$ cat my_file.tsv   # TSV, C-alpha atoms
chain	number	residue	atom	x	y	z
Z	1	MET	CA	86.63	116.15	127.47
Z	2	THR	CA	88.92	113.13	127.00
Z	3	ILE	CA	87.53	112.57	123.47
Z	4	PHE	CA	88.38	116.16	122.53
Z	5	LEU	CA	91.94	115.70	123.79
Z	6	ILE	CA	92.25	112.50	121.72
Z	7	PHE	CA	90.95	114.39	118.68
Z	8	LEU	CA	93.43	117.18	119.42
Z	9	LEU	CA	96.32	114.68	119.40
Z	10	SER	CA	95.03	113.06	116.22
Z	11	SER	CA	94.61	116.47	114.56
Z	12	VAL	CA	98.25	117.27	115.33
Z	13	PHE	CA	99.16	113.86	113.90
Z	14	THR	CA	97.12	114.51	110.71
Z	15	VAL	CA	98.85	117.84	110.05
Z	16	ILE	CA	102.34	116.34	110.55
Z	17	PHE	CA	101.48	113.18	108.58
Z	18	ILE	CA	100.10	114.97	105.51
Z	19	THR	CA	102.93	117.54	105.58
Z	20	LEU	CA	105.56	114.77	105.67
Z	21	HIS	CA	103.87	112.86	102.86
Z	22	LEU	CA	103.62	116.01	100.74
Z	23	LEU	CA	107.33	116.62	101.36
Z	24	PHE	CA	108.03	113.15	99.98
Z	25	LEU	CA	105.82	113.89	96.98
Z	26	TYR	CA	107.28	117.30	96.20
Z	27	PHE	CA	110.97	116.77	96.98
Z	28	PHE	CA	111.43	113.15	95.95
Z	29	SER	CA	108.55	112.87	93.41
Z	30	SER	CA	107.79	109.56	95.04
Z	31	LYS	CA	104.32	108.03	95.07
Z	32	LYS	CA	105.26	104.77	96.75
Z	33	ILE	CA	103.14	103.29	99.54
Z	34	ILE	CA	106.24	102.86	101.72
Z	35	HIS	CA	106.55	106.66	101.95
Z	36	ILE	CA	103.02	106.90	103.34
Z	37	LEU	CA	104.04	104.34	105.97
Z	38	ILE	CA	107.31	106.17	106.77
Z	39	SER	CA	105.33	109.43	107.16
Z	40	PHE	CA	102.90	107.58	109.45
Z	41	ILE	CA	105.66	106.19	111.71
Z	42	LEU	CA	107.56	109.51	111.87
Z	43	SER	CA	104.41	111.49	112.69
Z	44	ASN	CA	103.52	109.10	115.50
Z	45	LEU	CA	107.03	109.39	116.94
Z	46	ILE	CA	106.73	113.19	116.85
Z	47	LEU	CA	103.29	112.87	118.46
Z	48	ILE	CA	104.66	110.73	121.32
Z	49	TYR	CA	107.19	113.49	122.04
Z	50	PHE	CA	104.45	116.15	121.85
Z	51	ALA	CA	102.10	114.10	124.09
Z	52	ARG	CA	104.86	113.64	126.68
Z	53	GLU	CA	105.59	117.37	126.73
Z	54	VAL	CA	101.96	118.36	127.35
Z	55	ASP	CA	101.15	115.47	129.75
Z	56	LEU	CA	98.80	113.65	127.37
Z	57	TYR	CA	100.96	110.54	127.25
Z	58	LYS	CA	98.16	108.27	128.59
Z	59	LEU	CA	95.90	109.26	125.71
Z	60	PHE	CA	98.47	108.38	123.04
Z	61	TYR	CA	97.23	104.78	122.79
Z	62	ASN	CA	93.67	105.92	121.94
Z	63	SER	CA	94.99	108.57	119.61
Z	64	PHE	CA	97.15	105.94	117.85
Z	65	ILE	CA	94.02	103.86	117.07
Z	66	ILE	CA	92.35	106.97	115.59
Z	67	ASN	CA	95.60	107.66	113.67
Z	68	LEU	CA	95.42	104.16	112.18
Z	69	SER	CA	91.90	104.94	110.97
Z	70	ILE	CA	93.19	108.20	109.46
Z	71	LEU	CA	95.98	106.24	107.73
Z	72	ILE	CA	93.43	103.84	106.16
Z	73	ILE	CA	91.21	106.73	104.97
Z	74	TYR	CA	94.22	108.64	103.57
Z	75	PHE	CA	95.62	105.53	101.89
Z	76	GLN	CA	92.23	104.77	100.31
Z	77	PHE	CA	91.85	108.37	99.12
Z	78	PHE	CA	95.36	108.43	97.63
Z	79	ASN	CA	94.82	105.02	96.04
Z	80	VAL	CA	91.56	106.13	94.39
Z	81	LEU	CA	93.28	109.22	92.96
Z	82	LYS	CA	96.20	107.15	91.71
Z	83	MET	CA	94.58	103.90	90.66
Z	84	GLY	CA	90.82	104.55	90.58
Z	85	PHE	CA	89.25	102.67	87.68
Z	86	THR	CA	86.02	104.69	87.49
Z	87	LEU	CA	87.78	107.96	88.25
Z	88	SER	CA	90.12	107.30	85.36
Z	89	ILE	CA	87.15	107.11	82.96
Z	90	ILE	CA	86.02	110.58	84.09
Z	91	THR	CA	89.53	112.03	83.67
Z	92	LEU	CA	89.52	110.86	80.02
Z	93	PHE	CA	87.41	113.94	79.32
Z	94	LYS	CA	90.22	116.30	80.32
Z	95	LYS	CA	91.40	116.65	76.72
Z	96	LYS	CA	88.32	115.90	74.65
Z	97	ARG	CA	84.73	116.85	75.45
Z	98	LYS	CA	83.01	114.03	73.54
Z	99	LEU	CA	84.31	110.49	73.11
Z	100	LEU	CA	83.14	107.43	71.25
Z	101	TYR	CA	83.13	104.08	73.08
Z	102	LYS	CA	86.18	103.01	71.04
Z	103	GLU	CA	88.00	106.18	72.09
Z	104	LEU	CA	87.18	105.50	75.75
Z	105	ILE	CA	88.82	102.08	75.41
Z	106	LYS	CA	91.79	103.44	73.44
Z	107	ASN	CA	92.53	106.55	75.54
Z	108	TYR	CA	92.15	104.87	78.94
Z	109	GLY	CA	95.13	105.27	81.31
Z	110	ASN	CA	96.69	108.23	79.47
Z	111	GLY	CA	96.47	106.49	76.09
Z	112	LYS	CA	97.63	103.08	77.27
Z	113	GLY	CA	94.26	101.50	76.60
Z	114	ALA	CA	91.75	99.57	78.72
Z	115	LYS	CA	93.68	96.31	78.35
Z	116	TRP	CA	96.64	97.94	80.08
Z	117	ILE	CA	94.84	98.14	83.43
Z	118	LEU	CA	94.15	94.39	83.28
Z	119	ILE	CA	97.78	93.60	82.37
Z	120	ASP	CA	98.97	96.00	85.10
Z	121	ARG	CA	96.87	94.30	87.81
Z	122	LEU	CA	97.83	90.84	86.52
Z	123	SER	CA	101.55	91.68	86.67
Z	124	LYS	CA	101.13	93.02	90.20
Z	125	ILE	CA	99.51	89.81	91.48
Z	126	ASP	CA	102.01	87.77	89.44
Z	127	LYS	CA	104.85	89.50	91.33
Z	128	LEU	CA	103.17	88.54	94.61
Z	129	LYS	CA	103.13	84.89	93.38
Z	130	ILE	CA	99.35	84.77	93.50
Z	131	ILE	CA	99.05	83.82	89.83
Z	132	ARG	CA	101.32	82.39	87.11
Z	133	LEU	CA	101.15	84.64	84.08
Z	134	ASN	CA	102.21	83.53	80.60
Z	135	LYS	CA	99.70	83.70	77.77
Z	136	LYS	CA	97.33	82.03	80.20
Z	137	ILE	CA	96.49	83.01	83.75
Z	138	GLU	CA	96.68	80.33	86.43
Z	139	LEU	CA	96.22	80.56	90.20
Z	140	THR	CA	99.11	79.36	92.34
Z	141	GLN	CA	98.50	77.50	95.62
Z	142	LEU	CA	98.87	80.78	97.49
Z	143	GLY	CA	96.38	82.32	95.06
Z	144	GLN	CA	93.89	79.52	95.67
Z	145	PHE	CA	94.25	79.91	99.44
Z	146	LEU	CA	93.77	83.69	99.22
Z	147	SER	CA	90.80	83.27	96.88
Z	148	ILE	CA	89.07	81.04	99.45
Z	149	ILE	CA	89.66	83.70	102.13
Z	150	LEU	CA	88.27	86.39	99.81
Z	151	ILE	CA	85.18	84.31	99.01
Z	152	VAL	CA	84.57	83.70	102.74
Z	153	LEU	CA	85.05	87.41	103.52
Z	154	ARG	CA	82.61	88.32	100.73
Z	155	LYS	CA	80.07	85.93	102.26
Z	156	ILE	CA	80.62	87.35	105.79
Z	157	LEU	CA	80.16	90.93	104.58
Z	158	SER	CA	77.29	89.92	102.27
Z	159	VAL	CA	79.03	91.26	99.15
Z	160	ARG	CA	76.95	89.79	96.34
Z	161	ASP	CA	78.01	91.66	93.26
Z	162	PHE	CA	81.14	93.21	91.77
Z	163	GLY	CA	81.12	96.99	91.34
A	1	MET	CA	85.39	92.36	126.14
A	2	TYR	CA	81.88	91.00	125.54
A	3	SER	CA	80.69	94.38	124.26
A	4	TYR	CA	83.35	94.25	121.49
A	5	LEU	CA	82.23	90.77	120.43
A	6	ILE	CA	78.52	91.51	120.67
A	7	THR	CA	78.74	94.73	118.62
A	8	THR	CA	80.84	92.99	115.93
A	9	LEU	CA	78.28	90.18	115.64
A	10	PHE	CA	75.46	92.74	115.68
A	11	PHE	CA	77.21	94.65	112.87
A	12	LEU	CA	77.50	91.52	110.69
A	13	ALA	CA	73.99	90.26	111.40
A	14	THR	CA	72.37	93.63	110.71
A	15	ASN	CA	74.46	94.02	107.56
A	16	TYR	CA	73.19	90.64	106.35
A	17	LEU	CA	69.59	91.70	107.02
A	18	VAL	CA	70.12	95.02	105.23
A	19	SER	CA	71.64	93.24	102.22
A	20	VAL	CA	68.61	90.93	102.03
A	21	LEU	CA	66.02	93.68	102.50
A	22	VAL	CA	67.60	96.35	100.28
A	23	LYS	CA	67.21	95.83	96.52
A	24	LYS	CA	70.83	96.35	95.45
A	25	HIS	CA	73.43	96.31	98.20
A	26	THR	CA	75.88	98.80	96.69
A	27	TYR	CA	78.97	100.35	98.29
A	28	GLU	CA	77.07	103.62	98.82
A	29	LYS	CA	74.38	101.80	100.82
A	30	PHE	CA	77.01	99.94	102.84
A	31	PHE	CA	78.69	103.29	103.57
A	32	ILE	CA	75.42	104.75	104.88
A	33	TYR	CA	74.88	101.59	106.97
A	34	VAL	CA	78.37	101.82	108.56
A	35	ILE	CA	77.97	105.51	109.39
A	36	THR	CA	74.53	104.87	110.95
A	37	TYR	CA	75.94	101.92	112.93
A	38	PHE	CA	78.90	104.00	114.15
A	39	ILE	CA	76.70	106.90	115.31
A	40	LEU	CA	74.16	104.61	117.00
A	41	VAL	CA	76.69	102.41	118.83
A	42	ASN	CA	78.76	105.35	120.01
A	43	PHE	CA	75.70	107.30	121.08
A	44	ILE	CA	74.84	104.40	123.41
A	45	ASN	CA	78.49	104.03	124.43
A	46	LEU	CA	79.09	107.68	125.26
A	47	ALA	CA	75.72	108.08	126.99
A	48	TYR	CA	75.84	104.94	129.16
A	49	LEU	CA	79.15	103.06	129.05
A	50	LYS	CA	81.49	106.07	128.66
A	51	ASN	CA	84.25	103.79	127.41
A	52	ILE	CA	86.88	105.66	125.38
A	53	ASN	CA	88.70	102.47	124.30
A	54	PHE	CA	85.43	101.16	122.89
A	55	PHE	CA	84.92	104.41	120.97
A	56	THR	CA	88.37	104.28	119.36
A	57	PHE	CA	87.94	100.58	118.56
A	58	GLN	CA	84.62	101.31	116.81
A	59	ALA	CA	86.24	104.11	114.79
A	60	LEU	CA	88.99	101.77	113.54
A	61	PHE	CA	86.55	98.90	113.02
A	62	SER	CA	84.16	101.02	110.91
A	63	VAL	CA	86.94	102.46	108.75
A	64	PHE	CA	88.49	99.01	108.27
A	65	MET	CA	85.11	97.53	107.26
A	66	LEU	CA	84.63	100.28	104.66
A	67	PHE	CA	88.15	99.65	103.33
A	68	LEU	CA	87.61	95.89	103.21
A	69	TYR	CA	84.21	96.15	101.55
A	70	ALA	CA	85.57	98.52	98.90
A	71	GLY	CA	88.33	96.03	98.07
A	72	LEU	CA	86.02	93.01	97.97
A	73	HIS	CA	83.41	94.85	95.93
A	74	ARG	CA	85.45	96.86	93.44
A	75	SER	CA	89.01	95.56	93.18
A	76	VAL	CA	89.98	94.26	89.74
A	77	SER	CA	92.61	91.92	91.27
A	78	VAL	CA	90.06	90.37	93.65
A	79	LYS	CA	87.67	89.83	90.74
A	80	ILE	CA	90.39	88.06	88.70
A	81	MET	CA	91.34	85.79	91.61
A	82	ILE	CA	87.78	84.76	92.46
A	83	HIS	CA	86.93	84.22	88.79
A	84	LEU	CA	89.95	81.95	88.32
A	85	TYR	CA	89.20	80.01	91.50
A	86	LEU	CA	85.56	79.38	90.59
A	87	ARG	CA	86.38	78.30	87.01
A	88	LYS	CA	89.00	75.83	88.31
A	89	LYS	CA	91.05	76.08	85.12
A	90	ASN	CA	93.45	78.35	83.23
A	91	ILE	CA	92.18	81.15	81.08
A	92	SER	CA	93.90	83.14	78.35
A	93	VAL	CA	94.53	86.85	78.98
A	94	ASN	CA	92.74	87.82	75.75
A	95	ALA	CA	89.65	85.72	76.53
A	96	PHE	CA	89.49	87.12	80.05
A	97	TYR	CA	89.83	90.67	78.70
A	98	LYS	CA	87.06	90.23	76.11
A	99	ASN	CA	84.55	88.16	78.06
A	100	GLU	CA	85.05	89.29	81.63
A	101	PHE	CA	86.99	92.50	81.94
A	102	LYS	CA	85.58	94.57	79.07
A	103	GLU	CA	82.00	93.42	79.50
A	104	LYS	CA	81.67	93.05	83.25
A	105	SER	CA	84.11	95.67	84.51
A	106	PHE	CA	84.72	98.42	81.96
A	107	ASN	CA	81.21	98.59	80.49
A	108	LYS	CA	79.70	98.23	83.94
A	109	ARG	CA	81.66	101.23	85.24
A	110	ILE	CA	80.45	103.29	82.28
A	111	LYS	CA	76.87	102.22	83.06
A	112	ILE	CA	77.35	103.16	86.75
A	113	LEU	CA	78.65	106.59	85.69
A	114	ILE	CA	75.62	107.08	83.42
A	115	ASP	CA	73.17	105.86	86.11
A	116	ASN	CA	74.71	108.20	88.70
A	117	GLY	CA	74.49	111.19	86.38
A	118	PHE	CA	78.20	111.70	85.71
A	119	LEU	CA	78.14	110.68	82.05
A	120	SER	CA	75.62	111.11	79.25
A	121	LYS	CA	75.37	109.48	75.84
A	122	ARG	CA	74.07	111.06	72.65
A	123	ASN	CA	74.61	109.88	69.05
A	124	LYS	CA	76.98	107.11	70.18
A	125	LYS	CA	79.18	109.72	71.87
A	126	PHE	CA	79.82	109.99	75.60
A	127	PHE	CA	80.19	113.35	77.35
A	128	LEU	CA	80.33	114.60	80.91
A	129	SER	CA	77.17	115.97	82.48
A	130	SER	CA	77.36	119.17	84.55
A	131	ARG	CA	77.77	116.95	87.65
A	132	GLY	CA	80.59	115.04	85.94
A	133	LYS	CA	82.31	118.30	84.96
A	134	LYS	CA	82.15	119.52	88.56
A	135	TYR	CA	83.75	116.29	89.81
A	136	LEU	CA	86.39	116.39	87.05
A	137	LYS	CA	87.42	119.86	88.28
A	138	ILE	CA	87.76	118.54	91.86
A	139	PHE	CA	89.75	115.48	90.68
A	140	LYS	CA	92.05	117.69	88.59
A	141	ILE	CA	92.82	119.87	91.63
A	142	ALA	CA	93.34	116.84	93.91
A	143	GLN	CA	95.54	115.06	91.37
A	144	SER	CA	97.72	118.11	90.75
A	145	PHE	CA	98.00	118.67	94.53
A	146	PHE	CA	99.28	115.11	94.96
A	147	ARG	CA	101.34	115.34	91.74
A	148	ILE	CA	99.49	112.48	90.06
A	149	LYS	CA	99.67	112.78	86.28
A	150	TYR	CA	97.06	110.18	85.42
A	151	SER	CA	95.08	107.47	87.17
A	152	GLY	CA	94.27	103.87	86.31

$ encode --input "my_file.tsv" --output "C-alpha cells"
Amino acid sequence: MTIFLIFLLSSVFTVIFITLHLLFLYFFSSKKIIHILISFILSNLILIYFAREVDLYKLFYNSFIINLSILIIYFQFFNVLKMGFTLSIITLFKKKRKLLYKELIKNYGNGKGAKWILIDRLSKIDKLKIIRLNKKIELTQLGQFLSIILIVLRKILSVRDFG
Amino acid sequence: MYSYLITTLFFLATNYLVSVLVKKHTYEKFFIYVITYFILVNFINLAYLKNINFFTFQALFSVFMLFLYAGLHRSVSVKIMIHLYLRKKNISVNAFYKNEFKEKSFNKRIKILIDNGFLSKRNKKFFLSSRGKKYLKIFKIAQSFFRIKYSG
C-alpha cells in the first residue's frame, strides 16, 4: 500500500513537472537545462504542499528519490531528442528519401555538416576548461583529472567499447 | 546499511561477469541486465525485507547506472577526453575529425543503424527501412511536441 502512495505522489509530481517544463518551452521558447531544474524544484515544492494537505508528508522523502529518478529519465530523453547523434542521422531523411554518404556528412545537423557536431562538443568542453582549443586540442589539468575518473568508471562498469 | 553495500557490489560483480560472458556488451544488453537486476532485487526486498527506503534507493541507483553507462559508452565528449588522455599529446582538430570522429563515430553509428534494421544501403545510397520510417515518425512527433527543430 505504501508503495502505491509513493507512486501516487510521484505521479502528481510528474504531471506538474512536465506541465511546467512545457510551459517554459511554449511561452519562453527556452530549451535550457536550467529550466528543467527550475521545473523540478517548483514541482517538488508544490508536492510538499500537496503531501502536507493529504497527510502523506512522511512519504515525501521516498517520493523525492523516485522524482530524482524521473528527472534523470526525463533529462536523458530530452537530451537524446535535442542532441542525439544517431537520432540526428535518422532525421536527415525528413526531407530526402535517399542520401549518398557524402550527403549524410554534408546535411548532418540541419545542413551544418558532421564536423559541426565535433566542433560543438569541443567548444562546450573548452568552455568548461576541460580542454584548450586552438587549431590543436589539448587537455587541461582538470581535463586530465576528469579523464582518469572516466577511465576508472569505464573499468568499474566494464564499458569496453565506444558506441 | 549492509544490504545497500552488498547489492551494489553484487551489481558490479555480476555486470563484470555478464560483460565477460556476453559476446558484445552493448548498451541494450546493459539495459536488460539493469532491469533484470532491479526486478530480482526488489522481488526479494518486497517479499522478505519489506524496506521501502531500499526500494526507492534501488530505483534511483538503477536509473543513475543507466544514465552513467550511456554517457561513458556513447558520449562524443567523453570519447574525445579519453582519446586525448591516452595519446598524451596534442592533436589537430582536422586530424581528429578525419581519423577518429568520422571513422570511429560517424561511420560506426551508420553501421549500427544498418545492423539494427533502421537503415538500408543500395547502389551507394542510404534509405530508411520500414522500421526506420516508423521511428522517424515517432521522433518527428516528439520533436515537434518539445519544439525541437533539429537534433545533433

$ atom_distance --input "my_file.tsv" --atom1 "atom CA of A:Lys140" --atom2 "atom CA of Z:Leu23"
19.9 Å

$ atom_distance --input "my_file.tsv" --atom1 "atom CA of Z:Ile90" --atom2 "atom CA of A:Met65"
26.6 Å

$ interface_residues --input "my_file.tsv" --of "chain A" --to "chain Z" --cutoff "7 Å" --atoms "all atoms listed in the file" --output "ChimeraX atom specification"
/A:12,16,19,53,56,59-60,63,72-74,77,81-82,84-85,90-93,97,109,124-127,136,143,146,148,150-152

$ atom_distance --input "my_file.tsv" --atom1 "atom CA of A:Leu68" --atom2 "atom CA of A:Phe118"
25.4 Å

$ closest_residue --input "my_file.tsv" --among "A:Ser75, A:Lys121, A:Leu113, A:Phe145" --to "A:Phe101" --atoms "all atoms listed in the file"
A:Ser75

$ residues_near_point --input "my_file.tsv" --point "(100.7, 108.8, 107.9)" --cutoff "7 Å" --atoms "all atoms listed in the file" --output "NGL selection string"
:Z and (17-18 or 36-37 or 39-41 or 43 or 71)
